[in-house]
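Heads up, the thing below is written out as structure tokens.
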Amino acid sequence: MNHRPEQDRLPGDGRLEPDLEQMRRDGYAAIDLLVDHLATLPDRSVGQVGSADEMAERFSADPPDEGRPFEDVLSHAKKDIFDNSLLCNHPRFFAFVPGPSNFYGVLGDVLASGFNIFTGTWLESSGPSALELSMIDWLCRSVGLPPQSGGLFVSGGSVANLTGLAVARHDRLDDQTTDAVIYCSDQVHASVDKALHLLGFGSHQLRRIGTDSDFRLDPDSLRQAIAGDRARGKRPFCVVANAGSTNTGAVDPLAPLADICNKEGMWFHVDGAYGASAAFGRRSGELLADLGRADSLVLDPHKWMFQPFEIGAVLVRDRALLAGTFRTSADYMQDAKTIGQEVNFCDYGIQLSRGFRALKLWVTLQCLGLDAIREAIDRGIALAEMTELEVQSDDRFEVTSPACLGIVTFRYVGNESEAHARLDEINGAIPREIMATGEAVVTSTVLDGRMVLRMCVINPRTSEHDIHRTVTMLAEAGDRLTRDGT
Ligand SMILES: Cc1ncc(COP(=O)(O)O)c(C=O)c1O
């Protein structure tokens with residue numbers, strides 16, 4: 001690799017660059033490991049969880065002074081690192097929000113990282129920035145946002161919520177948070193709490209409005225809360241709506257909430273980190289028809305658009321507000337100043353150095369086509385409906401929220417002879433039992449004060465048999481725990 005004469009060499013010359021043949025061999029070995037892994041995914045355990053002590057022990061050594069062959073490093077990584085993870089892309093990983101990912105997205109990530117593109121400024125990434133603008137523009141158009149909308153890709157929903165709410169604070173409050181009030185349902189994602197805390201709002205400034213029987217924010221209760229706050233001299237300024245809540249997939253009534261925001265001069269932020277992608281499928285019906293009413297909208301391609309972590313999108317109705325909120329100037333950035341339509345993405349958000357997240361989404365869509373994505377999304381919705389039927393057909397369960405955008409929740413009730421508190425214990429213990437088998441991962445949540453089981457079934461690798469097998473395991477685990485104790 002190093003072509004300089006020996007006498008001109010400085011210490012360290014060439015030490016970071018392997019020989020070209022070695023690069024190819026090591027690169028192919030990494031891809032081979034990945035492809036073998038994907039090929040055998042359904043037959044594997046969903047993964048395992050090591051104890052903190054056991055894991056610390058495995059990584060107790062400091063990095064070596066001298067390197068070792070990549071193949072050693074790869075097998076070490078496989079055994080100690082990858083095999084001690086839960087596989088979010090496994091067909092029977094139904095916990096939280098799975099990350100099904102897809103191979104072309106992975107290749108997009110490899111390329112973005114290999115070319116090490118810096119997408120903070122137009123100067124350093126005119127092509128990549130133009131691609132990101134076009135992907136964002138496409139997302140905006142697809143959800144019905146107007147032509148002046150825009151946005152950027154960030155790490156995921158949490159940072160997207162933070163970014164959107166920072167714009168809201170800047171635009172509507174001139175960053176003065178005193179007496180301002182934000183409204184959301186009691187089903188809002190915790191990242192909204194975190195974002196508001198970081199933005200200088202106290203927890204008393206967030207009003208959690210009760211939900212209806214479908215876990216949707218009730219517009220009448222919202223109106224009353226806003227009127228009450230105004231009467232007390234507070235400043236209602238923002239409503240955060242769910243478009244696919246994490247607990248149940250519920251979509252708040254977007255149009256009535258947008259009307260309230262318009263009338264009250266309030267910002268309308270929609271957290272569609274999980275559910276908004278379903279608008280690209282054909283089975284979400286009218287639920288997501290009004291996403292385009294948002295002032296800011298969050299949509300995570302690393303969830304239901306099958307991208308590898310990390311890629312979330314924050315879309316803002318008026319893209320000028322992004323630069324109004326985030327643009328700063330620095331002496332050392334003069335050469336990166338933009339003209340005309342050029343965009344420095346560092347002016348649109350928190351990051352200066354940022355990777356090329358748009359590439360994986362673009363590579364995926366180019367290679368697989370939109371129809372494949374639409375079908376995969378629709379499949380998730382259909383699988384959730386199937387899961388609901390499977391659960392309904394077993395007397396030991398009761399459905400606690402029907403299938404909605406790929407999520408269904410239910411409660412093991414056995415023969416209904418147990419007290420609620422005891423059933424809470426049993427439902428809380430079932431996920432641990434199942435996880436210990438390595439066969440599936442299902443998690444629990446609390447709905448209306450009761451512990452329930454929750455399955456999020458958006459992975460297109462999941463088969464009907466996987467669903468049947470998992471629901472059966474859950475019922476059997478419930479029976480066992482009832483009989484033998486938790
Ligand atoms: C509705 C919703 N909002 C926000 C988030 C946070 O997204 P992330 O984990 O990508 O930061 C999630 C994560 O599951 C979510 O479901």
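The way I read the labels, and the way they are meant: chains A, B, ... in the order of the structure tokens, residue 1 as the first residue of every chain, and ligand 1 as the first ligand shown, with later ones counted on from there.
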
Which residues come within 10 Å of region 192-201 of chain A, counting only C-alpha atoms, excluding same-chain residues fewer than 2 positions away, as a PDB file with C-alpha atoms, in the first residue's frame?
```
ATOM      1  CA  GLY A 157     -37.664   8.911  16.798  1.00  0.00           C
ATOM      2  CA  SER A 158     -36.275  10.311  20.034  1.00  0.00           C
ATOM      3  CA  VAL A 159     -34.046  12.857  18.321  1.00  0.00           C
ATOM      4  CA  ALA A 160     -36.728  13.516  15.718  1.00  0.00           C
ATOM      5  CA  ASN A 161     -39.210  14.377  18.498  1.00  0.00           C
ATOM      6  CA  LEU A 162     -36.600  16.587  20.141  1.00  0.00           C
ATOM      7  CA  THR A 163     -35.875  18.343  16.853  1.00  0.00           C
ATOM      8  CA  GLY A 164     -39.544  18.927  15.964  1.00  0.00           C
ATOM      9  CA  LEU A 165     -40.373  20.196  19.435  1.00  0.00           C
ATOM     10  CA  ALA A 166     -37.317  22.495  19.418  1.00  0.00           C
ATOM     11  CA  ARG A 169     -40.630  26.099  20.906  1.00  0.00           C
ATOM     12  CA  ASP A 175     -37.778  29.902  23.150  1.00  0.00           C
ATOM     13  CA  GLN A 176     -39.414  31.373  26.277  1.00  0.00           C
ATOM     14  CA  THR A 177     -40.927  28.389  28.072  1.00  0.00           C
ATOM     15  CA  THR A 178     -42.481  30.057  31.138  1.00  0.00           C
ATOM     16  CA  ASP A 179     -46.164  29.152  31.577  1.00  0.00           C
ATOM     17  CA  ALA A 180     -46.263  27.328  28.244  1.00  0.00           C
ATOM     18  CA  VAL A 181     -48.302  24.101  28.187  1.00  0.00           C
ATOM     19  CA  ILE A 182     -47.991  21.049  25.925  1.00  0.00           C
ATOM     20  CA  CYS A 184     -50.623  14.840  24.690  1.00  0.00           C
ATOM     21  CA  VAL A 188     -47.385   9.359  24.387  1.00  0.00           C
ATOM     22  CA  HIS A 189     -43.899   7.915  23.966  1.00  0.00           C
ATOM     23  CA  ALA A 190     -41.406   8.633  26.743  1.00  0.00           C
ATOM     24  CA  SER A 203     -43.030  18.055  33.883  1.00  0.00           C
ATOM     25  CA  HIS A 204     -45.935  20.196  35.193  1.00  0.00           C
ATOM     26  CA  GLN A 205     -46.055  21.840  31.748  1.00  0.00           C
ATOM     27  CA  LEU A 206     -47.033  18.584  30.034  1.00  0.00           C
ATOM     28  CA  VAL A 240     -48.414  16.108  20.497  1.00  0.00           C
ATOM     29  CA  ASP A 271     -45.271  11.371  16.572  1.00  0.00           C
TER      30      ASP A 271
END
```

Give as number ranges by chain the residues surrounding ligand 1 up to a distance of 9 Å, considering only C-alpha atoms and all ligand atoms. A: 96-98, 155-161, 187-192, 242-247, 249, 271-275, 298-300, 302-303, 309-312

Contacts of region 88-91 of chain A at 9 Å (only C-alpha atoms; same-chain gap of 2+ positions) as a PyMOL selection string: chain A and resi 38+41-42+44-47+85-86+93-95+97-102+440+457+459-463+466

Go ahead and write the selection's residues with N, CA, C and O atoms as a compact mmCIF listing (two decimals), in the first residue's frame.
```
# COMPACT_ATOMS: atom_id res chain seq x y z
N LEU A 38 -28.32 -14.35 8.12
CA LEU A 38 -29.69 -14.08 7.64
C LEU A 38 -30.34 -15.36 7.12
O LEU A 38 -31.53 -15.59 7.31
N LEU A 41 -31.64 -17.42 10.05
CA LEU A 41 -32.34 -16.68 11.10
C LEU A 41 -33.55 -17.41 11.70
O LEU A 41 -33.65 -17.56 12.92
N PRO A 42 -34.49 -17.91 10.87
CA PRO A 42 -35.70 -18.51 11.46
C PRO A 42 -35.39 -19.72 12.33
O PRO A 42 -36.15 -20.03 13.25
N ARG A 44 -32.73 -20.10 14.19
CA ARG A 44 -31.89 -19.76 15.34
C ARG A 44 -32.71 -19.39 16.54
O ARG A 44 -33.88 -19.03 16.43
N SER A 45 -32.02 -19.37 17.68
CA SER A 45 -32.61 -18.78 18.88
C SER A 45 -32.78 -17.28 18.62
O SER A 45 -32.03 -16.69 17.83
N VAL A 46 -33.76 -16.69 19.26
CA VAL A 46 -33.95 -15.24 19.08
C VAL A 46 -32.85 -14.47 19.81
O VAL A 46 -32.73 -13.26 19.68
N GLY A 47 -32.01 -15.18 20.53
CA GLY A 47 -30.87 -14.52 21.17
C GLY A 47 -30.88 -14.76 22.65
O GLY A 47 -31.77 -15.42 23.19
N SER A 85 -26.94 -10.96 22.03
CA SER A 85 -27.90 -9.89 21.74
C SER A 85 -29.23 -10.56 21.43
O SER A 85 -29.26 -11.72 21.02
N LEU A 86 -30.29 -9.79 21.58
CA LEU A 86 -31.57 -10.27 21.05
C LEU A 86 -31.65 -9.79 19.61
O LEU A 86 -31.29 -8.65 19.31
N PHE A 93 -39.24 -12.17 16.89
CA PHE A 93 -38.99 -11.05 17.82
C PHE A 93 -40.21 -10.13 17.70
O PHE A 93 -40.37 -9.43 16.69
N PHE A 94 -41.06 -10.17 18.73
CA PHE A 94 -42.31 -9.38 18.68
C PHE A 94 -42.32 -8.27 19.73
O PHE A 94 -43.36 -7.71 20.04
N ALA A 95 -41.16 -8.02 20.31
CA ALA A 95 -41.10 -7.09 21.44
C ALA A 95 -40.99 -5.64 20.98
O ALA A 95 -40.56 -5.37 19.85
N VAL A 97 -40.50 -2.34 19.45
CA VAL A 97 -40.70 -2.20 18.00
C VAL A 97 -39.55 -2.96 17.34
O VAL A 97 -38.39 -2.58 17.48
N PRO A 98 -39.86 -4.04 16.65
CA PRO A 98 -38.80 -4.81 16.00
C PRO A 98 -38.08 -3.97 14.94
O PRO A 98 -38.63 -2.99 14.43
N GLY A 99 -36.88 -4.37 14.60
CA GLY A 99 -36.13 -3.72 13.53
C GLY A 99 -35.87 -4.74 12.44
O GLY A 99 -34.78 -5.31 12.36
N PRO A 100 -36.87 -4.99 11.58
CA PRO A 100 -36.70 -6.06 10.58
C PRO A 100 -35.51 -5.83 9.66
O PRO A 100 -34.85 -6.75 9.22
N SER A 101 -35.22 -4.57 9.33
CA SER A 101 -34.10 -4.21 8.46
C SER A 101 -34.22 -4.91 7.10
O SER A 101 -35.21 -5.59 6.83
N ASN A 102 -33.26 -4.71 6.23
CA ASN A 102 -33.23 -5.45 4.97
C ASN A 102 -31.82 -5.37 4.41
O ASN A 102 -31.07 -4.45 4.72
N ALA A 440 -38.90 -17.20 21.14
CA ALA A 440 -39.59 -15.97 20.72
C ALA A 440 -39.34 -14.91 21.78
O ALA A 440 -38.96 -15.22 22.91
N VAL A 457 -45.97 -7.10 15.16
CA VAL A 457 -45.70 -8.16 14.18
C VAL A 457 -45.38 -7.59 12.79
O VAL A 457 -45.96 -8.03 11.80
N ASN A 459 -42.52 -7.71 11.11
CA ASN A 459 -41.39 -8.29 10.37
C ASN A 459 -41.91 -9.14 9.22
O ASN A 459 -42.60 -10.14 9.45
N PRO A 460 -41.56 -8.80 7.98
CA PRO A 460 -42.08 -9.60 6.86
C PRO A 460 -41.55 -11.03 6.84
O PRO A 460 -42.10 -11.88 6.12
N ARG A 461 -40.54 -11.32 7.64
CA ARG A 461 -40.05 -12.72 7.70
C ARG A 461 -40.96 -13.60 8.55
O ARG A 461 -40.85 -14.83 8.53
N THR A 462 -41.83 -12.97 9.33
CA THR A 462 -42.70 -13.74 10.24
C THR A 462 -43.74 -14.52 9.44
O THR A 462 -44.38 -13.96 8.54
N SER A 463 -43.90 -15.80 9.80
CA SER A 463 -44.90 -16.62 9.10
C SER A 463 -46.13 -16.79 9.99
O SER A 463 -46.07 -16.52 11.20
N ASP A 466 -45.25 -18.97 12.75
CA ASP A 466 -44.53 -18.30 13.85
C ASP A 466 -45.53 -17.70 14.84
O ASP A 466 -45.34 -17.75 16.06
```

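From CA of Ala39 (chain A) back to CA of Phe103 (chain A), the distance works out to 11.3 Å.
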
Near Pro431 (chain A), counting only C-alpha atoms, which residues have an atom at most 7 Å away, once you skip same-chain residues fewer than 5 positions from it, shown as a PyMOL selection string? chain A and resi 441-444

Next, dump the selected residues to file, keeping only N, CA, C and O atoms, as an mmCIF file, in the first residue's frame.
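Okay, selection.cif is ready:
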```cif
data_model
loop_
_atom_site.group_PDB
_atom_site.id
_atom_site.type_symbol
_atom_site.label_atom_id
_atom_site.label_comp_id
_atom_site.auth_asym_id
_atom_site.auth_seq_id
_atom_site.Cartn_x
_atom_site.Cartn_y
_atom_site.Cartn_z
ATOM 1 N N VAL A 441 -39.526 -13.670 21.388
ATOM 2 C CA VAL A 441 -39.488 -12.585 22.380
ATOM 3 C C VAL A 441 -40.777 -11.783 22.265
ATOM 4 O O VAL A 441 -41.110 -11.261 21.195
ATOM 5 N N VAL A 442 -41.506 -11.752 23.373
ATOM 6 C CA VAL A 442 -42.751 -10.975 23.470
ATOM 7 C C VAL A 442 -42.600 -10.145 24.738
ATOM 8 O O VAL A 442 -42.021 -10.620 25.710
ATOM 9 N N THR A 443 -43.084 -8.917 24.732
ATOM 10 C CA THR A 443 -42.974 -8.128 25.958
ATOM 11 C C THR A 443 -44.355 -7.771 26.494
ATOM 12 O O THR A 443 -45.369 -7.983 25.823
ATOM 13 N N SER A 444 -44.347 -7.221 27.692
ATOM 14 C CA SER A 444 -45.605 -6.847 28.335
ATOM 15 C C SER A 444 -45.697 -5.327 28.386
ATOM 16 O O SER A 444 -44.710 -4.631 28.184
#
```

Where does region 293-378 of chain A meet region 141-148 of chain A within 8 Å, residue by residue, with the nearest atom pair and distance in Å to one decimal for each, counting only C-alpha atoms, listed by chain and rising number, as CSV?
```
residue,atom,partner,partner_atom,distance
A:Arg293,CA,A:Leu145,CA,7.0
A:Ala294,CA,A:Leu145,CA,7.7
A:Arg317,CA,A:Leu145,CA,6.2
A:Asp318,CA,A:Gln148,CA,5.4
A:Arg319,CA,A:Gln148,CA,6.2
```

Residues just named, written with N, CA, C and O atoms as a PDB file, in the first residue's frame:
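Final output, saved to part16.pdb:
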```
ATOM      1  N   ARG A 293     -51.486  17.305   8.024  1.00  0.00           N
ATOM      2  CA  ARG A 293     -51.939  18.491   8.777  1.00  0.00           C
ATOM      3  C   ARG A 293     -50.908  18.891   9.838  1.00  0.00           C
ATOM      4  O   ARG A 293     -51.046  19.920  10.493  1.00  0.00           O
ATOM      5  N   ALA A 294     -49.903  18.059  10.033  1.00  0.00           N
ATOM      6  CA  ALA A 294     -48.935  18.319  11.116  1.00  0.00           C
ATOM      7  C   ALA A 294     -48.081  19.543  10.816  1.00  0.00           C
ATOM      8  O   ALA A 294     -47.769  19.833   9.665  1.00  0.00           O
ATOM      9  N   ARG A 317     -43.543  21.389   8.443  1.00  0.00           N
ATOM     10  CA  ARG A 317     -44.448  21.981   7.450  1.00  0.00           C
ATOM     11  C   ARG A 317     -43.791  23.152   6.706  1.00  0.00           C
ATOM     12  O   ARG A 317     -43.984  23.332   5.520  1.00  0.00           O
ATOM     13  N   ASP A 318     -43.005  23.946   7.435  1.00  0.00           N
ATOM     14  CA  ASP A 318     -42.323  25.084   6.822  1.00  0.00           C
ATOM     15  C   ASP A 318     -40.829  24.908   7.075  1.00  0.00           C
ATOM     16  O   ASP A 318     -40.343  25.157   8.175  1.00  0.00           O
ATOM     17  N   ARG A 319     -40.099  24.468   6.057  1.00  0.00           N
ATOM     18  CA  ARG A 319     -38.706  24.091   6.289  1.00  0.00           C
ATOM     19  C   ARG A 319     -37.836  25.277   6.708  1.00  0.00           C
ATOM     20  O   ARG A 319     -36.795  25.094   7.339  1.00  0.00           O
TER      21      ARG A 319
END
```

As a ChimeraX atom specification, please: every residue in region 49-174 of chain A that a backbone DSSP assignment puts in helix (DSSP H, G or I). /A:52-58,70-84,103-115,126-143,157-173

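The protein and nucleic acid residues lying at most 10 Å from Asp109 (chain A) are Phe103, Tyr104, Gly105, Val106, Leu107, Leu111, Ala112, Ser113, Gly114, Phe115, Gln307, Pro308, Phe309, Glu310, Gly355, Phe356, Arg357, Ala358, Leu359, Lys360, Leu361 and Val363 of chain A, with only C-alpha atoms considered and sequence neighbours fewer than 2 positions away removed.
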
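Take CA of Val239 (chain A) and CA of Ser401 (chain A): the distance between them is 24.0 Å.
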
Please run DSSP on the backbone and report, as number ranges by chain, all residues within region 98-218 of chain A that come out as strand (DSSP E or B). A: 150-154, 180-185, 206-209, 211, 217

Separating CA of Gly228 (chain A) from CA of Lys263 (chain A), to the nearest tenth of an Å, is a gap of 15.8 Å

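For the residues A:Leu33, A:Met451, A:Val154, A:Ile226, ranking by smallest atom-to-atom distance to Arg422 (chain A) using only C-alpha atoms places A:Met451 first.
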
Of A:Met305, A:Val391, A:Val251, A:Leu123, the one sitting nearest Ala372 (chain A) when using only C-alpha atoms is A:Met305

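Residues surrounding region 54-67 of chain A within 8 Å are Gly50, Ser51 and Asp80 of chain A [only C-alpha atoms; sequence separation below 3 positions excluded].
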
Selected residues written out, N, CA, C and O atoms, as a CSV table (one decimal), in the first residue's frame:
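Ended up saving to result38.csv:
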```
chain,number,residue,atom,x,y,z
A,50,GLY,N,-27.1,-11.9,28.5
A,50,GLY,CA,-26.1,-12.3,29.5
A,50,GLY,C,-26.2,-11.4,30.8
A,50,GLY,O,-26.7,-10.3,30.7
A,51,SER,N,-25.7,-11.8,31.9
A,51,SER,CA,-25.7,-11.0,33.1
A,51,SER,C,-24.6,-9.9,32.9
A,51,SER,O,-23.6,-10.1,32.2
A,80,ASP,N,-18.9,-13.6,21.3
A,80,ASP,CA,-19.1,-12.8,22.6
A,80,ASP,C,-20.1,-11.6,22.4
A,80,ASP,O,-20.7,-11.1,23.4
```
